[in-house]
Amino acid sequence: MASSHSSSPVPQSNSSDAFFKKEMDSTKRFRPVQSLPDVCPKEPTGDPHNLCDSPSLVADQHRWTIYHSKVNLPAALNDPRLAKRESDFFTKTWGVDFVDTEVTPSFYLPQITKEHFALYQQEIAPREKVHERCKNICTSKDPFDRTLLHTHDKSRTDLEQVPKIFMKPDFALEDSLTFNAVLPWSHFSTAGGKGNRDAASSKLLQEKERLVSLVFGLLKQRKLNFYEIYGDEMIITAKNVIKQCVVNTVSQIEEIDTEVVVKIADQMRMMNFPQWFDLLKNIFSKFTIFLKRIKATLNTIRSVVFLVLDKNQKSRDLEDTLQKNSKDSTVDTEVAYLTHEGMFISDAFSEGDLPPVAADTTSQRNTSPNSEPCSSDSVSEPECTTDSSSSKEQTSSSVTPGAVEMMISDDMKLTDLELVRLANNIQELLYNASDICHDRSVKFLMARAKDGFLEKLNSNEFVTLSRLMEGFILDTEQICGRKSMSLRGALQSQANRFVNRFHEERKTKLSLLLDNERWKQAEVPAEFQDLVDSVSDGRISLPEKKPAATEERKPAEFLIVEGQKYATVGTVLLLIRIILEYCQCVDNIPSITTDMLTRLSDLLKYFNSRSCQLVLGAGALQVVGLKTITTKNLALSSRCLQLIVHYIPIIRAHFEARLQPKQYSMLRHFDHITKDYHDHVAEISAKLVAIMDSLFDKLLSKYEVKAPVPSACFRNICKQMAKMHEAIYDLLPEEQTQMLFLRINASYKLHLKRQLAHLNVVNDGGPLNGLVTSDVAFYTGNLQALKGLNNLDLNMAEIWEQKR
């Protein structure tokens, strides 16, 4: 039976045989000797480079290697065909010293005697008696023996289906070639088409069987850090996903010459926004599939770990049951779980032969390992959906047949703490996978943002990008069950930069508009009227642009807001649109609500203060070259402020609905702004009254009671009152006009009363009193003849009242 192939005459030693290497010259080579048969390969040394020196079952599967040898050293020494054993078997090759040299006992090894095993014999003897007693009882049932034998053969057949690479003594998962051979990443490619569903399901089933066998082997060898290697592979794969997506996208863009622009990052920066956005969308899609498949793989691994943990628990329960039954005169064979070569003997019973409790327990043991993998199989339709029920049955039996039970033998000495810690580490690995995808996405974004590309996006582009990133973040949270903050933080950082640029652009625009505003009434285009009408129901949203009509609508003279007419300037029309853009941006990017509220408050305050400087402060005289600030300028400014005040409660409600309760304190900004605007309107009204007050003081101080009637003074006063009315009546509502002229009339009466006292004219019915009464009647008639003031109560009798 000796093989015709030869082996090296010098044994392959590990690190413990270093003294042999010292005796041999490393440059000296020996001629192979044909007399010594092939033996088992060397033991693994832990050096991954040694894997390349030994035959590979994967690479050399079609030619003969030493692993095909059926002869080992004990067989060669006990060859029955030899009449006499060769006494010089070793010495003829390695020299006489090999046998004659005495080996000095090691000082580091204790002397072992029979007394060291006394405690073990005392503990195991009762258990052995119970085992033998139950074994004798069970052997009396012939059907049970046949079932056990059949199960054992079936389990051995299933075990032979496990790839032989897992049985290699030099198996080292740390080696990248071995890892890729065991768990190739090619299964991350998406199966295409509905016609490939069965093939994909079959492939997935094979991968699962292979993975389960691998995990059992690693657990048995106590290599519990295999998940770290898997984590390193995830990082490499995530990098390759982005790289491949960029390469594929660049290859489809003719404008990018890959021979001139070599670096992938530079190629990516040459893309416009639609091209880059499609690339990012593709990367997110690939990462989503990547995470789903990792989750499926890790769920399968965890199910194996939990299966071993469950077996440990049941083994302890079995010992307790046996010890308890050993105290009784009889043993209930239907509920006693016995172990024989790593299998539960009770599994040989059919569920109908077992009592309900035992049947349920067995059923759970057979089905629980599959619950996780089956749920994880639903990762994607092409790989996991199949119309064949036989495929499902095969999947169900792929994790829990006798082969698996044989793998979970008593030799697998793993504590519950180790298994639970391993399961937690595997779950943490899924979280790490999500973090890896987010981190790689952040680096991809930052690489594109180096030239300020993201900061230059307009509102629509940034909103589109934000929604894509938010969707990916939510998908990964749903898959992995935990929030990853790196991509969300990068999005928030970019959002903050967007908000700053968004605000600065609009504030600069508003500043330019105000510096060029001449404070004349502007016509209202139809699109602005539509904009205002869209907010009439209390909801703020920018209306979609309507296609140009055959006949364009003419601009209106006033802006109609809830039935009220507002005369306004062009700057305020654009300001209303800017305000609605702030509100719309909050709807599109909820994470920037607080920042937008602060920026919008700043914008409204800026308009209030700057318009006050230009109109009330007469700054427009120098800025735009106005000759004077007229009453019409003042009235128009007041009405513009009132239009903004009308929308502040609507804006406040819009932001309040999007803030957290703990953030409601920020709404006080709108209350302060409303008060500032009301104060500004009141100052403008006071300014209008002050203009007429100074006129009254100037004219009435020269008033003389004499004919003709009406006097020139009163004619001039009525003329100025008519001009004031003409300037403001079309700009301000009628009630505001009436209130304004009541205040002007009060100022007029005060000045007239002061002048009459100065002239000693009293209400005595004399000639002077008659002249004054005629002038006052002229004033009253002219004032009440003005539009909207006919019912104004002037109460002119107050001019004759004396101070008490």
# chains A, B, ... in the order shown; residues from 1 in each chain; ligands from 1
>>> residues_around(residues="Met666 (chain A)", least_positions_apart="3", cutoff="10 Å", atoms="only C-alpha atoms", output="ChimeraX atom specification")
/A:594,597-598,655-656,659,662-663,669-671
>>> write_last_selection(atoms="N, CA, C and O atoms", output="short mmCIF file (atom, residue, chain, number, x, y, z; two decimals), in the first residue's frame")
data_model
loop_
_atom_site.label_atom_id
_atom_site.label_comp_id
_atom_site.auth_asym_id
_atom_site.auth_seq_id
_atom_site.Cartn_x
_atom_site.Cartn_y
_atom_site.Cartn_z
N THR A 594 -33.54 75.07 13.11
CA THR A 594 -33.12 76.09 14.08
C THR A 594 -32.17 77.11 13.45
O THR A 594 -32.28 78.32 13.73
N LEU A 597 -34.20 79.43 11.28
CA LEU A 597 -34.99 80.37 12.07
C LEU A 597 -34.12 81.56 12.51
O LEU A 597 -34.55 82.72 12.43
N THR A 598 -32.91 81.25 12.94
CA THR A 598 -32.01 82.32 13.37
C THR A 598 -31.64 83.23 12.21
O THR A 598 -31.63 84.47 12.33
N PHE A 655 -42.60 77.49 11.59
CA PHE A 655 -41.41 77.00 12.29
C PHE A 655 -41.80 76.26 13.57
O PHE A 655 -41.12 75.28 13.94
N GLU A 656 -42.83 76.71 14.24
CA GLU A 656 -43.24 76.06 15.48
C GLU A 656 -43.64 74.61 15.24
O GLU A 656 -43.36 73.73 16.07
N LEU A 659 -40.34 72.49 15.11
CA LEU A 659 -39.40 72.53 16.23
C LEU A 659 -39.79 71.52 17.30
O LEU A 659 -40.96 71.13 17.41
N LYS A 662 -38.70 71.57 23.30
CA LYS A 662 -37.65 72.23 24.06
C LYS A 662 -37.03 73.40 23.30
O LYS A 662 -36.26 74.18 23.87
N GLN A 663 -37.36 73.52 22.02
CA GLN A 663 -36.81 74.60 21.19
C GLN A 663 -37.79 75.75 21.00
O GLN A 663 -37.48 76.70 20.27
N HIS A 669 -37.97 85.21 19.02
CA HIS A 669 -37.39 86.11 18.03
C HIS A 669 -38.48 86.77 17.20
O HIS A 669 -38.40 87.97 16.89
N PHE A 670 -39.49 86.00 16.84
CA PHE A 670 -40.57 86.57 16.03
C PHE A 670 -41.38 87.59 16.83
O PHE A 670 -41.87 88.58 16.27
N ASP A 671 -41.55 87.35 18.13
CA ASP A 671 -42.26 88.32 18.96
C ASP A 671 -41.50 89.64 19.04
O ASP A 671 -42.10 90.73 18.95
#
>>> closest_residue(among="A:Phe226, A:Phe472, A:Phe453, A:Tyr108", to="Ile283 (chain A)", atoms="only C-alpha atoms")
A:Phe472
